[in-house]
>>> print(open('upload.pdb').read())   # PDB, C-alpha atoms, pLDDT in the B column
ATOM      1  CA  GLY N   7      91.791  91.769 104.173  1.00 77.00           C
ATOM      2  CA  VAL N   8      91.114  88.743 102.054  1.00 92.00           C
ATOM      3  CA  PHE N   9      90.762  89.050  98.297  1.00 94.00           C
ATOM      4  CA  ALA N  10      89.839  86.418  95.745  1.00 95.00           C
ATOM      5  CA  LEU N  11      93.113  85.127  94.301  1.00 94.00           C
ATOM      6  CA  GLN N  12      91.638  85.118  90.800  1.00 93.00           C
ATOM      7  CA  ASP N  13      90.816  88.836  91.147  1.00 93.00           C
ATOM      8  CA  ALA N  14      94.282  89.588  92.536  1.00 93.00           C
ATOM      9  CA  LEU N  15      95.996  87.710  89.721  1.00 92.00           C
ATOM     10  CA  GLY N  16      93.796  89.649  87.311  1.00 91.00           C
ATOM     11  CA  LEU N  17      95.885  92.706  88.253  1.00 88.00           C
ATOM     12  CA  VAL N  18      99.074  90.979  87.114  1.00 89.00           C
ATOM     13  CA  SER N  19     100.264  91.418  83.529  1.00 85.00           C
ATOM     14  CA  LYS N  20      99.745  88.470  81.209  1.00 89.00           C
ATOM     15  CA  GLY N  21     102.736  86.247  80.722  1.00 90.00           C
ATOM     16  CA  ALA N  22     104.508  83.054  81.695  1.00 92.00           C
ATOM     17  CA  VAL N  23     104.897  84.000  85.376  1.00 93.00           C
ATOM     18  CA  LYS N  24     101.188  84.729  85.762  1.00 93.00           C
ATOM     19  CA  ASP N  25     100.313  81.463  84.003  1.00 94.00           C
ATOM     20  CA  ARG N  26     102.658  79.454  86.224  1.00 95.00           C
ATOM     21  CA  LEU N  27     101.347  81.138  89.387  1.00 95.00           C
ATOM     22  CA  THR N  28      97.742  80.494  88.382  1.00 95.00           C
ATOM     23  CA  THR N  29      98.497  76.822  87.716  1.00 96.00           C
ATOM     24  CA  TRP N  30     100.557  76.434  90.897  1.00 96.00           C
ATOM     25  CA  TYR N  31      97.857  77.860  93.160  1.00 96.00           C
ATOM     26  CA  ALA N  32      95.115  75.871  91.383  1.00 95.00           C
ATOM     27  CA  GLN N  33      96.805  72.551  92.141  1.00 95.00           C
ATOM     28  CA  PHE N  34      96.438  73.332  95.863  1.00 93.00           C
ATOM     29  CA  GLU N  35      92.954  74.827  95.477  1.00 92.00           C
ATOM     30  CA  ALA N  36      94.257  78.040  97.048  1.00 93.00           C
ATOM     31  CA  ASP N  37      91.900  80.911  96.426  1.00 92.00           C
ATOM     32  CA  ALA N  38      92.872  83.879  98.602  1.00 94.00           C
ATOM     33  CA  ALA N  39      95.258  86.805  98.525  1.00 95.00           C
ATOM     34  CA  ILE N  40      95.768  88.683 101.789  1.00 95.00           C
ATOM     35  CA  ARG N  41      97.467  91.834 100.546  1.00 94.00           C
ATOM     36  CA  ILE N  42      97.470  93.638  97.213  1.00 94.00           C
ATOM     37  CA  GLY N  43      99.338  96.782  96.303  1.00 92.00           C
ATOM     38  CA  ARG N  44     100.518  98.752  93.340  1.00 90.00           C
ATOM     39  CA  GLU N  45     103.704 100.759  92.910  1.00 86.00           C
ATOM     40  CA  ILE N  46     102.800 103.642  90.619  1.00 85.00           C
ATOM     41  CA  ALA N  47     105.705 106.094  90.760  1.00 81.00           C
ATOM     42  CA  THR N  48     108.067 104.336  88.354  1.00 76.00           C
ATOM     43  CA  ASP N  49     107.550 100.998  86.615  1.00 70.00           C
ATOM     44  CA  GLY N  50     104.179 100.182  88.114  1.00 80.00           C
ATOM     45  CA  TYR N  51     104.628  96.751  89.618  1.00 89.00           C
ATOM     46  CA  THR N  52     101.946  94.821  91.489  1.00 91.00           C
ATOM     47  CA  ILE N  53     102.530  93.664  95.059  1.00 93.00           C
ATOM     48  CA  LEU N  54     100.768  90.457  96.023  1.00 95.00           C
ATOM     49  CA  HIS N  55     100.801  88.500  99.271  1.00 96.00           C
ATOM     50  CA  THR N  56      99.246  85.115  99.906  1.00 96.00           C
ATOM     51  CA  GLU N  57      99.352  82.978 103.010  1.00 93.00           C
ATOM     52  CA  LEU N  58     101.182  79.686 102.682  1.00 95.00           C
ATOM     53  CA  PHE N  59      98.806  76.811 103.317  1.00 93.00           C
ATOM     54  CA  GLY N  60     100.933  74.037 104.783  1.00 94.00           C
ATOM     55  CA  GLU N  61     100.122  72.326 108.060  1.00 94.00           C
ATOM     56  CA  ASN N  62     103.295  73.688 109.677  1.00 96.00           C
ATOM     57  CA  THR N  63     106.450  75.672 108.938  1.00 96.00           C
ATOM     58  CA  ALA N  64     108.218  72.697 107.346  1.00 97.00           C
ATOM     59  CA  ASP N  65     105.281  72.208 104.957  1.00 97.00           C
ATOM     60  CA  ASP N  66     105.231  75.938 104.178  1.00 97.00           C
ATOM     61  CA  LEU N  67     108.933  75.917 103.314  1.00 98.00           C
ATOM     62  CA  GLU N  68     108.471  72.860 101.075  1.00 98.00           C
ATOM     63  CA  LEU N  69     105.699  74.745  99.267  1.00 97.00           C
ATOM     64  CA  TYR N  70     108.005  77.760  98.915  1.00 98.00           C
ATOM     65  CA  LEU N  71     110.766  75.573  97.449  1.00 98.00           C
ATOM     66  CA  ASN N  72     108.279  73.916  95.097  1.00 97.00           C
ATOM     67  CA  LEU N  73     107.087  77.322  93.907  1.00 97.00           C
ATOM     68  CA  ASN N  74     110.664  78.415  93.192  1.00 97.00           C
ATOM     69  CA  GLU N  75     111.186  75.250  91.176  1.00 97.00           C
ATOM     70  CA  THR N  76     107.941  75.877  89.274  1.00 96.00           C
ATOM     71  CA  LEU N  77     109.051  79.420  88.461  1.00 95.00           C
ATOM     72  CA  GLY N  78     112.645  78.405  87.659  1.00 93.00           C
ATOM     73  CA  LEU N  79     114.093  80.596  90.423  1.00 94.00           C
ATOM     74  CA  SER N  80     116.836  80.248  93.001  1.00 94.00           C
ATOM     75  CA  PRO N  81     115.240  80.144  96.440  1.00 96.00           C
ATOM     76  CA  ILE N  82     116.470  81.793  99.598  1.00 96.00           C
ATOM     77  CA  PRO N  83     119.531  79.783 100.767  1.00 96.00           C
ATOM     78  CA  ASP N  84     118.849  76.741 102.957  1.00 96.00           C
ATOM     79  CA  VAL N  85     120.805  78.125 105.900  1.00 95.00           C
ATOM     80  CA  LEU N  86     118.360  81.059 106.127  1.00 96.00           C
ATOM     81  CA  LEU N  87     115.333  78.833 105.622  1.00 97.00           C
ATOM     82  CA  GLU N  88     116.586  76.683 108.493  1.00 97.00           C
ATOM     83  CA  LEU N  89     116.482  79.749 110.754  1.00 96.00           C
ATOM     84  CA  LEU N  90     112.821  80.190 109.803  1.00 97.00           C
ATOM     85  CA  LEU N  91     112.166  76.506 110.443  1.00 97.00           C
ATOM     86  CA  GLU N  92     113.685  76.796 113.913  1.00 96.00           C
ATOM     87  CA  GLU N  93     111.461  79.813 114.603  1.00 93.00           C
ATOM     88  CA  GLU N  94     108.248  77.961 113.661  1.00 93.00           C
ATOM     89  CA  PRO N  95     106.131  81.079 113.090  1.00 94.00           C
ATOM     90  CA  ALA N  96     102.341  80.779 113.323  1.00 91.00           C
ATOM     91  CA  TYR N  97     102.189  81.221 109.563  1.00 92.00           C
ATOM     92  CA  LEU N  98     104.203  82.479 106.600  1.00 97.00           C
ATOM     93  CA  GLU N  99     103.169  84.630 103.677  1.00 97.00           C
ATOM     94  CA  LEU N 100     104.500  84.626 100.136  1.00 97.00           C
ATOM     95  CA  SER N 101     105.311  88.107  98.857  1.00 97.00           C
ATOM     96  CA  TYR N 102     105.607  88.958  95.164  1.00 95.00           C
ATOM     97  CA  TRP N 103     106.508  92.032  93.172  1.00 93.00           C
ATOM     98  CA  LEU N 104     105.380  91.502  89.581  1.00 91.00           C
ATOM     99  CA  ASP N 105     105.644  93.786  86.567  1.00 88.00           C
ATOM    100  CA  ASN N 106     105.239  93.526  82.799  1.00 85.00           C
ATOM    101  CA  GLY N 107     108.608  91.774  82.553  1.00 83.00           C
ATOM    102  CA  GLY N 108     107.788  89.145  85.165  1.00 88.00           C
ATOM    103  CA  LEU N 109     108.828  88.605  88.740  1.00 92.00           C
ATOM    104  CA  LEU N 110     110.922  91.295  90.458  1.00 92.00           C
ATOM    105  CA  GLN N 111     110.903  89.799  93.943  1.00 95.00           C
ATOM    106  CA  LEU N 112     109.752  86.644  95.679  1.00 97.00           C
ATOM    107  CA  GLY N 113     109.993  86.389  99.420  1.00 97.00           C
ATOM    108  CA  LEU N 114     108.645  85.139 102.697  1.00 98.00           C
ATOM    109  CA  VAL N 115     106.933  87.328 105.280  1.00 98.00           C
ATOM    110  CA  VAL N 116     107.062  86.427 108.976  1.00 97.00           C
ATOM    111  CA  PRO N 117     104.462  88.248 111.075  1.00 95.00           C
ATOM    112  CA  ASN N 118     105.567  89.105 114.614  1.00 95.00           C
ATOM    113  CA  PRO N 119     109.063  87.611 114.342  1.00 95.00           C
ATOM    114  CA  SER N 120     110.985  86.979 117.521  1.00 94.00           C
ATOM    115  CA  VAL N 121     113.841  89.301 118.425  1.00 90.00           C
ATOM    116  CA  ARG N 122     116.081  86.222 118.220  1.00 92.00           C
ATOM    117  CA  LEU N 123     115.096  85.510 114.590  1.00 94.00           C
ATOM    118  CA  VAL N 124     115.580  89.148 113.574  1.00 92.00           C
ATOM    119  CA  ARG N 125     119.040  89.257 115.142  1.00 89.00           C
ATOM    120  CA  ARG N 126     120.104  85.932 113.633  1.00 92.00           C
ATOM    121  CA  LEU N 127     118.970  86.889 110.118  1.00 92.00           C
ATOM    122  CA  SER N 128     120.551  90.310 110.481  1.00 88.00           C
ATOM    123  CA  LEU N 129     123.867  88.736 111.404  1.00 87.00           C
ATOM    124  CA  ALA N 130     123.616  86.124 108.647  1.00 88.00           C
ATOM    125  CA  LEU N 131     122.977  88.763 106.003  1.00 87.00           C
ATOM    126  CA  ASP N 132     125.236  91.390 107.583  1.00 74.00           C
ATOM    127  CA  GLU N 133     122.511  93.986 107.082  1.00 55.00           C
ATOM    128  CA  GLY N 134     124.283  96.759 108.960  1.00 56.00           C
ATOM    129  CA  GLY N 135     124.873  94.538 111.944  1.00 65.00           C
ATOM    130  CA  ASN N 136     122.935  94.330 115.146  1.00 72.00           C
ATOM    131  CA  ALA N 137     124.428  97.547 116.547  1.00 74.00           C
ATOM    132  CA  ASP N 138     122.866  99.587 113.740  1.00 77.00           C
ATOM    133  CA  LEU N 139     119.576  97.752 114.170  1.00 76.00           C
ATOM    134  CA  ALA N 140     119.589  98.386 117.929  1.00 76.00           C
ATOM    135  CA  ALA N 141     120.233 102.097 117.349  1.00 78.00           C
ATOM    136  CA  PHE N 142     117.412 102.250 114.785  1.00 79.00           C
ATOM    137  CA  GLU N 143     114.962 100.505 117.097  1.00 81.00           C
ATOM    138  CA  GLY N 144     116.090 102.690 119.994  1.00 81.00           C
ATOM    139  CA  THR N 145     115.151 105.751 117.961  1.00 87.00           C
ATOM    140  CA  LEU N 146     111.717 104.210 117.349  1.00 90.00           C
ATOM    141  CA  GLY N 147     111.342 103.144 120.963  1.00 86.00           C
ATOM    142  CA  ARG N 148     110.730  99.567 119.789  1.00 86.00           C
ATOM    143  CA  SER N 149     112.464  96.279 120.483  1.00 80.00           C
ATOM    144  CA  GLY N 150     111.431  94.423 117.358  1.00 85.00           C
ATOM    145  CA  PRO N 151     109.492  94.652 114.106  1.00 92.00           C
ATOM    146  CA  ASP N 152     105.878  93.698 113.531  1.00 92.00           C
ATOM    147  CA  GLN N 153     106.808  91.980 110.303  1.00 95.00           C
ATOM    148  CA  LEU N 154     109.904  90.650 108.585  1.00 96.00           C
ATOM    149  CA  LEU N 155     110.378  90.122 104.852  1.00 97.00           C
ATOM    150  CA  LEU N 156     113.159  87.858 103.607  1.00 97.00           C
ATOM    151  CA  ALA N 157     113.293  87.948  99.814  1.00 97.00           C
ATOM    152  CA  ARG N 158     115.362  87.446  96.720  1.00 95.00           C
ATOM    153  CA  ARG N 159     115.549  90.213  94.142  1.00 91.00           C
ATOM    154  CA  SER N 160     117.693  90.378  91.041  1.00 86.00           C
ATOM    155  CA  SER N 161     120.113  92.452  93.143  1.00 89.00           C
ATOM    156  CA  GLY N 162     120.387  89.701  95.763  1.00 91.00           C
ATOM    157  CA  LEU N 163     118.873  88.857  99.117  1.00 95.00           C
ATOM    158  CA  VAL N 164     117.039  91.474 101.129  1.00 93.00           C
ATOM    159  CA  LEU N 165     115.838  91.606 104.720  1.00 93.00           C
ATOM    160  CA  GLU N 166     113.169  94.215 105.402  1.00 93.00           C
ATOM    161  CA  LEU N 167     111.811  94.971 108.854  1.00 92.00           C
ATOM    162  CA  HIS N 168     108.446  96.686 109.135  1.00 93.00           C
ATOM    163  CA  TYR N 169     107.247  98.590 112.202  1.00 92.00           C
ATOM    164  CA  ARG N 170     103.743  99.904 112.848  1.00 88.00           C
TER     165      ARG N 170
END
>>> encode(input="upload.pdb", output="structure tokens")
Amino acid sequence: GVFALQDALGLVSKGAVKDRLTTWYAQFEADAAIRIGREIATDGYTILHTELFGENTADDLELYLNLNETLGLSPIPDVLLELLLEEEPAYLELSYWLDNGGLLQLGLVVPNPSVRLVRRLSLALDEGGNADLAAFEGTLGRSGPDQLLLARRSSGLVLELHYR
């Protein structure tokens, strides 16, 4: 669904990250969140997704890099962003995990990624290798995910594949 960004940000704890996000989105007149969630079992972080609003993938990645600069974060390495640029997905989403202490995760979501992109990112990140991924997908009877998340957490880079 689509949610008012102001309402979505209202679910985020007050602090510098929320203030910077509010200011960053306002400069682009962005006003929509496309996914909101809440983790309630442990620390209770908020999950927020917004669509990037560039004209193309290159613009979207520039916006992502600008956001990282605004937040004082290290972005996903260029070599991985170049793989996304080569893919030219129809659109990209920003994905946040935010808690009382600030930002836990910032990443990019690729809906309907190509098998080629999934394999290349898997190899680049050595996430169990393609053999493990092929066995996993074979068990599911699927040949690719419906969604890919490439993110940076305090523990490092993460590649999540989501199947429906």
>>> closest_residue(input="upload.pdb", among="N:Gln33, N:Gln153, N:Asn106, N:Ser161", to="Leu123 in chain N", atoms="all atoms listed in the file")
N:Gln153
>>> closest_residue(input="upload.pdb", among="N:Arg122, N:Pro81, N:Leu154, N:Leu127", to="Leu98 in chain N", atoms="only C-alpha atoms")
N:Leu154
>>> closest_residue(input="upload.pdb", among="N:Leu163, N:Leu11, N:Val23, N:Ala96", to="Gly113 in chain N", atoms="all atoms listed in the file")
N:Leu163
>>> resolve_selection(input="upload.pdb", expression="the PyMOL selection byres ((chain N and resi 83-86) around 12)", output="short mmCIF file (atom, residue, chain, number, x, y, z; two decimals) with C-alpha atoms, keeping the file's coordinate frame")
data_model
loop_
_atom_site.label_atom_id
_atom_site.label_comp_id
_atom_site.auth_asym_id
_atom_site.auth_seq_id
_atom_site.Cartn_x
_atom_site.Cartn_y
_atom_site.Cartn_z
CA LEU N 67 108.93 75.92 103.31
CA GLU N 68 108.47 72.86 101.08
CA TYR N 70 108.00 77.76 98.92
CA LEU N 71 110.77 75.57 97.45
CA ASN N 74 110.66 78.42 93.19
CA LEU N 79 114.09 80.60 90.42
CA SER N 80 116.84 80.25 93.00
CA PRO N 81 115.24 80.14 96.44
CA ILE N 82 116.47 81.79 99.60
CA LEU N 87 115.33 78.83 105.62
CA GLU N 88 116.59 76.68 108.49
CA LEU N 89 116.48 79.75 110.75
CA LEU N 90 112.82 80.19 109.80
CA LEU N 91 112.17 76.51 110.44
CA GLU N 92 113.68 76.80 113.91
CA GLU N 93 111.46 79.81 114.60
CA GLY N 113 109.99 86.39 99.42
CA LEU N 114 108.64 85.14 102.70
CA LEU N 123 115.10 85.51 114.59
CA VAL N 124 115.58 89.15 113.57
CA ARG N 126 120.10 85.93 113.63
CA LEU N 127 118.97 86.89 110.12
CA SER N 128 120.55 90.31 110.48
CA LEU N 129 123.87 88.74 111.40
CA ALA N 130 123.62 86.12 108.65
CA LEU N 131 122.98 88.76 106.00
CA LEU N 156 113.16 87.86 103.61
CA ALA N 157 113.29 87.95 99.81
CA ARG N 158 115.36 87.45 96.72
CA GLY N 162 120.39 89.70 95.76
CA LEU N 163 118.87 88.86 99.12
CA VAL N 164 117.04 91.47 101.13
CA LEU N 165 115.84 91.61 104.72
#
>>> residues_around(input="upload.pdb", residues="Asp37 in chain N", least_positions_apart="2", cutoff="9 Å", atoms="only C-alpha atoms", output="list in words")
Phe9, Ala10, Leu11, Gln12, Tyr31, Ala32, Phe34, Glu35 and Ala39 of chain N
>>> closest_residue(input="upload.pdb", among="N:Ser19, N:Ala141, N:Val116, N:Gly78", to="Trp103 in chain N", atoms="all atoms listed in the file")
N:Ser19
>>> atom_distance(input="upload.pdb", atom1="CA of Gly150 in chain N", atom2="CA of Val121 in chain N")
5.8 Å
>>> atom_distance(input="upload.pdb", atom1="CA of Ser120 in chain N", atom2="CA of Gly147 in chain N")
16.5 Å
>>> closest_residue(input="upload.pdb", among="N:Leu112, N:Leu146, N:Leu155, N:Leu104", to="Gly21 in chain N", atoms="only C-alpha atoms")
N:Leu104
>>> closest_atom_pairs(input="upload.pdb", of="range 78-148 of chain N", to="range 48-54 of chain N", cutoff="10 Å", atoms="all atoms listed in the file", output="Markdown table")
| residue | atom | partner | partner_atom | distance |
| --- | --- | --- | --- | --- |
| N:Glu99 | CA | N:Leu54 | CA | 9.9 |
| N:Leu100 | CA | N:Leu54 | CA | 8.1 |
| N:Ser101 | CA | N:Leu54 | CA | 5.8 |
| N:Tyr102 | CA | N:Leu54 | CA | 5.1 |
| N:Trp103 | CA | N:Ile53 | CA | 4.7 |
| N:Leu104 | CA | N:Thr52 | CA | 5.1 |
| N:Asp105 | CA | N:Tyr51 | CA | 4.4 |
| N:Asn106 | CA | N:Tyr51 | CA | 7.6 |
| N:Gly107 | CA | N:Tyr51 | CA | 9.5 |
| N:Gly108 | CA | N:Tyr51 | CA | 9.4 |
| N:Leu109 | CA | N:Tyr51 | CA | 9.2 |
| N:Leu110 | CA | N:Tyr51 | CA | 8.4 |
| N:Gln111 | CA | N:Ile53 | CA | 9.3 |
| N:Leu112 | CA | N:Leu54 | CA | 9.8 |
>>> write_last_selection(input="upload.pdb", atoms="C-alpha atoms", output="JSON list (two decimals), keeping the file's coordinate frame")
[["chain", "number", "residue", "atom", "x", "y", "z"],
["N", 99, "GLU", "CA", 103.17, 84.63, 103.68],
["N", 100, "LEU", "CA", 104.50, 84.63, 100.14],
["N", 101, "SER", "CA", 105.31, 88.11, 98.86],
["N", 102, "TYR", "CA", 105.61, 88.96, 95.16],
["N", 103, "TRP", "CA", 106.51, 92.03, 93.17],
["N", 104, "LEU", "CA", 105.38, 91.50, 89.58],
["N", 105, "ASP", "CA", 105.64, 93.79, 86.57],
["N", 106, "ASN", "CA", 105.24, 93.53, 82.80],
["N", 107, "GLY", "CA", 108.61, 91.77, 82.55],
["N", 108, "GLY", "CA", 107.79, 89.14, 85.16],
["N", 109, "LEU", "CA", 108.83, 88.60, 88.74],
["N", 110, "LEU", "CA", 110.92, 91.30, 90.46],
["N", 111, "GLN", "CA", 110.90, 89.80, 93.94],
["N", 112, "LEU", "CA", 109.75, 86.64, 95.68]]
>>> axis_aligned_box(input="upload.pdb", around="range 146-149 of chain N", padding_each_side="8 Å", output="AutoDock Vina command-line options")
--center_x 111.6 --center_y 100.2 --center_z 119.2 --size_x 17.7 --size_y 23.9 --size_z 19.6
>>> resolve_selection(input="upload.pdb", expression="the PyMOL selection byres ((chain N and resi 42) around 7)", output="JSON, numbers by chain")
{"N": [14, 40, 41, 43, 53, 54, 55]}
>>> atom_distance(input="upload.pdb", atom1="CA of Arg26 in chain N", atom2="CA of Leu77 in chain N")
6.8 Å
>>> resolve_selection(input="upload.pdb", expression="the PyMOL selection byres ((chain N and resi 170) around 7)", output="ChimeraX atom specification")
/N:152,168-169
>>> closest_residue(input="upload.pdb", among="N:Gly7, N:Gly16, N:Pro151, N:Gly60", to="Asn118 in chain N", atoms="all atoms listed in the file")
N:Pro151
